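What follows is one structure encoded as structure tokens, with my remarks underneath.
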Amino acid sequence: MAASANPKYTVPGLTVEQAGELIGILQMRLHALNDLHLTLKHVHWNVVGPHFIAVHEMLDPQVDRVRDMADDVAERAAALGGVSHGTPGALVAARSWEDYSVGRAGAIAHLGALDLVYSGVVTDVRKAIEQVGPIDPATEDLLIEQLRDLEQFQWFVRAHLETSGGELRTADAATEVEAARRAGQ
């Protein structure tokens, strides 16, 4: 989690210390969402193969919604008295994850890698919800709403990876490259 700086003021009912903690958590969500929408566009531009158009068109609404999520998170931080840092340099300096590692690849391979990306984002949103819940129900509500959408997007991705036996071809893959390889088999 990013180091938090307490704002000079915040919303009624919260202390500036509580707001500072929330702002720090929201800053990391902002970084994750900015990274995710750029990753989704990267996949959108670099997907090839027989499932190209289905995946290409599936991703645009996800990109749009994730961009809206980033805006909502940044605006919540501002309402709490904080400053959102949305520059690429701030994102790269603060993130704890590696850059997306698959370039031009088949649609199913990209979806295998994207499943791991969504797993990381969803896991981190759940952790953030646990942290903000005891402090602020408004911020918790915002993150819960986003979690529902992110889980639905992952379901869309996983529908392409599921076997007829109900298993994910990418189960237990440790890296995006490994997940892409397993998905493409």
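Identifiers in the structure tokens: chain A, B, ... in order shown; residue index from 1 per chain; ligand index from 1 in order shown.
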Segment 161-175 of chain A surroundings by only C-alpha atoms, 9 Å radius, close-in-sequence under 3 positions cut, as a VMD selection string: chain A and resid 101 108 111 to 113 115 to 116 157 to 158 178 to 185
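Residues lying within 10 Å of Leu114 of chain A, counting only C-alpha atoms and ignoring same-chain neighbours fewer than 3 positions away, are Leu36, Thr39, Leu40, Val43, Tyr100, Val102, Ile108, Ala109, His110, Leu111, Val117, Tyr118, Ser119, Gly120, Gln154, Val157, Arg158, Glu176, Ala179 and Ala180 of chain A.
You can rank A:Gln27, A:Asn46, A:Thr139, A:Thr123 by their closest distance to Arg95 of chain A using only C-alpha atoms, and at the top of that list sits A:Gln27.
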Top pick for closest residue to His85 of chain A, considering A:Val177, A:Ile135, A:Ala70, A:Glu151 and counting only C-alpha atoms: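 Under the stated criterion, the closest residue is A:Ala70.
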For Glu130 of chain A, find every residue with an atom within 12 Å (counting only C-alpha atoms), except residues of its own chain fewer than 4 positions away, and show them as a PDB file with N, CA, C and O atoms, in the first residue's frame.
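This went into out.pdb:
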ATOM      1  N   LEU A  22      -7.412   6.015   3.912  1.00  0.00           N
ATOM      2  CA  LEU A  22      -8.278   5.725   2.770  1.00  0.00           C
ATOM      3  C   LEU A  22      -7.657   6.218   1.466  1.00  0.00           C
ATOM      4  O   LEU A  22      -7.679   5.513   0.448  1.00  0.00           O
ATOM      5  N   ILE A  25      -4.970   3.876   0.248  1.00  0.00           N
ATOM      6  CA  ILE A  25      -5.554   2.656  -0.323  1.00  0.00           C
ATOM      7  C   ILE A  25      -6.139   2.963  -1.705  1.00  0.00           C
ATOM      8  O   ILE A  25      -5.925   2.209  -2.663  1.00  0.00           O
ATOM      9  N   THR A 123      -8.189  -9.908  -6.239  1.00  0.00           N
ATOM     10  CA  THR A 123      -7.654 -10.213  -4.905  1.00  0.00           C
ATOM     11  C   THR A 123      -7.311  -8.928  -4.155  1.00  0.00           C
ATOM     12  O   THR A 123      -7.643  -8.773  -2.973  1.00  0.00           O
ATOM     13  N   ASP A 124      -6.661  -7.998  -4.844  1.00  0.00           N
ATOM     14  CA  ASP A 124      -6.276  -6.746  -4.202  1.00  0.00           C
ATOM     15  C   ASP A 124      -7.481  -5.873  -3.853  1.00  0.00           C
ATOM     16  O   ASP A 124      -7.482  -5.195  -2.824  1.00  0.00           O
ATOM     17  N   VAL A 125      -8.519  -5.884  -4.681  1.00  0.00           N
ATOM     18  CA  VAL A 125      -9.730  -5.118  -4.361  1.00  0.00           C
ATOM     19  C   VAL A 125     -10.382  -5.701  -3.110  1.00  0.00           C
ATOM     20  O   VAL A 125     -10.829  -4.961  -2.227  1.00  0.00           O
ATOM     21  N   ARG A 126     -10.429  -7.024  -3.020  1.00  0.00           N
ATOM     22  CA  ARG A 126     -11.013  -7.646  -1.824  1.00  0.00           C
ATOM     23  C   ARG A 126     -10.241  -7.243  -0.561  1.00  0.00           C
ATOM     24  O   ARG A 126     -10.835  -6.960   0.478  1.00  0.00           O
ATOM     25  N   PRO A 134     -14.101  -1.054   7.888  1.00  0.00           N
ATOM     26  CA  PRO A 134     -14.281  -0.546   9.253  1.00  0.00           C
ATOM     27  C   PRO A 134     -14.164   0.977   9.376  1.00  0.00           C
ATOM     28  O   PRO A 134     -14.551   1.547  10.378  1.00  0.00           O
ATOM     29  N   ILE A 135     -13.644   1.629   8.329  1.00  0.00           N
ATOM     30  CA  ILE A 135     -13.411   3.073   8.398  1.00  0.00           C
ATOM     31  C   ILE A 135     -14.517   3.869   7.719  1.00  0.00           C
ATOM     32  O   ILE A 135     -15.000   4.875   8.259  1.00  0.00           O
ATOM     33  N   ASP A 136     -14.926   3.436   6.513  1.00  0.00           N
ATOM     34  CA  ASP A 136     -15.799   4.286   5.709  1.00  0.00           C
ATOM     35  C   ASP A 136     -16.690   3.470   4.787  1.00  0.00           C
ATOM     36  O   ASP A 136     -16.214   2.898   3.809  1.00  0.00           O
ATOM     37  N   PRO A 137     -17.998   3.437   5.071  1.00  0.00           N
ATOM     38  CA  PRO A 137     -18.905   2.657   4.227  1.00  0.00           C
ATOM     39  C   PRO A 137     -19.042   3.201   2.803  1.00  0.00           C
ATOM     40  O   PRO A 137     -19.313   2.441   1.878  1.00  0.00           O
ATOM     41  N   THR A 139     -16.630   4.535   0.853  1.00  0.00           N
ATOM     42  CA  THR A 139     -15.496   4.012   0.084  1.00  0.00           C
ATOM     43  C   THR A 139     -15.634   2.509  -0.096  1.00  0.00           C
ATOM     44  O   THR A 139     -15.358   1.972  -1.179  1.00  0.00           O
ATOM     45  N   GLU A 140     -16.088   1.822   0.935  1.00  0.00           N
ATOM     46  CA  GLU A 140     -16.321   0.377   0.839  1.00  0.00           C
ATOM     47  C   GLU A 140     -17.349   0.079  -0.254  1.00  0.00           C
ATOM     48  O   GLU A 140     -17.144  -0.818  -1.084  1.00  0.00           O
ATOM     49  N   ASP A 141     -18.427   0.846  -0.299  1.00  0.00           N
ATOM     50  CA  ASP A 141     -19.471   0.643  -1.296  1.00  0.00           C
ATOM     51  C   ASP A 141     -18.925   0.839  -2.710  1.00  0.00           C
ATOM     52  O   ASP A 141     -19.236   0.064  -3.619  1.00  0.00           O
ATOM     53  N   LEU A 143     -15.868   0.385  -3.763  1.00  0.00           N
ATOM     54  CA  LEU A 143     -15.007  -0.748  -4.114  1.00  0.00           C
ATOM     55  C   LEU A 143     -15.807  -2.027  -4.331  1.00  0.00           C
ATOM     56  O   LEU A 143     -15.471  -2.831  -5.211  1.00  0.00           O
ATOM     57  N   ILE A 144     -16.868  -2.220  -3.569  1.00  0.00           N
ATOM     58  CA  ILE A 144     -17.717  -3.406  -3.765  1.00  0.00           C
ATOM     59  C   ILE A 144     -18.370  -3.364  -5.143  1.00  0.00           C
ATOM     60  O   ILE A 144     -18.413  -4.380  -5.846  1.00  0.00           O
TER      61      ILE A 144
END
Filtered DSSP result for segment 46-175 of chain A, state helix (DSSP H, G or I), as number ranges by chain: A: 46, 52-79, 88-94, 107-132, 137-159
Strand (DSSP E or B) residues, from DSSP on the backbone, in segment 9-161 of chain A, as number ranges by chain: A: 47-48, 105-106
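What separates atom CA of His56 of chain A from atom CA of Lys41 of chain A is a distance of 9.1 Å.
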Neighbouring residues of segment 7-13 of chain A were defined as those with any atom within 8 Å, considering only C-alpha atoms; residues of the same chain fewer than 2 positions away were excluded. Please report them as a short mmCIF file (atom, residue, chain, number, x, y, z; two decimals) with all heavy atoms, in the first residue's frame.
data_model
loop_
_atom_site.label_atom_id
_atom_site.label_comp_id
_atom_site.auth_asym_id
_atom_site.auth_seq_id
_atom_site.Cartn_x
_atom_site.Cartn_y
_atom_site.Cartn_z
N ALA A 5 -0.59 10.34 3.10
CA ALA A 5 -0.36 11.67 3.67
C ALA A 5 -1.72 12.18 4.10
O ALA A 5 -2.67 12.15 3.33
CB ALA A 5 0.27 12.59 2.65
N THR A 15 -11.78 11.36 10.57
CA THR A 15 -10.62 12.15 10.96
C THR A 15 -9.69 12.28 9.76
O THR A 15 -9.77 11.49 8.80
CB THR A 15 -9.86 11.47 12.12
OG1 THR A 15 -9.27 10.25 11.63
CG2 THR A 15 -10.76 11.19 13.32
N VAL A 16 -8.79 13.24 9.80
CA VAL A 16 -7.83 13.38 8.71
C VAL A 16 -6.90 12.17 8.65
O VAL A 16 -6.44 11.79 7.57
CB VAL A 16 -7.03 14.70 8.77
CG1 VAL A 16 -7.93 15.89 8.50
CG2 VAL A 16 -6.28 14.84 10.06
N GLU A 17 -6.67 11.52 9.79
CA GLU A 17 -5.85 10.30 9.80
C GLU A 17 -6.57 9.16 9.07
O GLU A 17 -5.97 8.42 8.29
CB GLU A 17 -5.50 9.88 11.23
CG GLU A 17 -4.57 10.84 11.95
CD GLU A 17 -5.26 12.10 12.50
OE1 GLU A 17 -6.51 12.11 12.64
OE2 GLU A 17 -4.55 13.08 12.78
N ALA A 19 -8.89 9.55 6.80
CA ALA A 19 -8.91 9.94 5.39
C ALA A 19 -7.57 9.65 4.73
O ALA A 19 -7.52 9.17 3.60
CB ALA A 19 -9.28 11.41 5.24
N GLY A 20 -6.49 9.92 5.44
CA GLY A 20 -5.16 9.65 4.88
C GLY A 20 -4.97 8.17 4.58
O GLY A 20 -4.41 7.81 3.54
N ALA A 79 -12.54 13.88 -2.84
CA ALA A 79 -13.60 14.22 -1.89
C ALA A 79 -13.12 14.05 -0.45
O ALA A 79 -13.56 14.78 0.45
CB ALA A 79 -14.83 13.35 -2.13
N LEU A 80 -12.20 13.12 -0.25
CA LEU A 80 -11.64 12.90 1.08
C LEU A 80 -10.55 13.91 1.43
O LEU A 80 -10.01 13.89 2.53
CB LEU A 80 -11.07 11.47 1.18
CG LEU A 80 -12.11 10.35 1.14
CD1 LEU A 80 -11.44 9.01 0.92
CD2 LEU A 80 -12.94 10.34 2.43
N GLY A 81 -10.22 14.78 0.48
CA GLY A 81 -9.21 15.81 0.71
C GLY A 81 -7.85 15.45 0.14
O GLY A 81 -6.86 16.14 0.39
N GLY A 82 -7.79 14.38 -0.63
CA GLY A 82 -6.51 13.91 -1.15
C GLY A 82 -6.21 14.37 -2.55
O GLY A 82 -7.00 15.04 -3.21
#
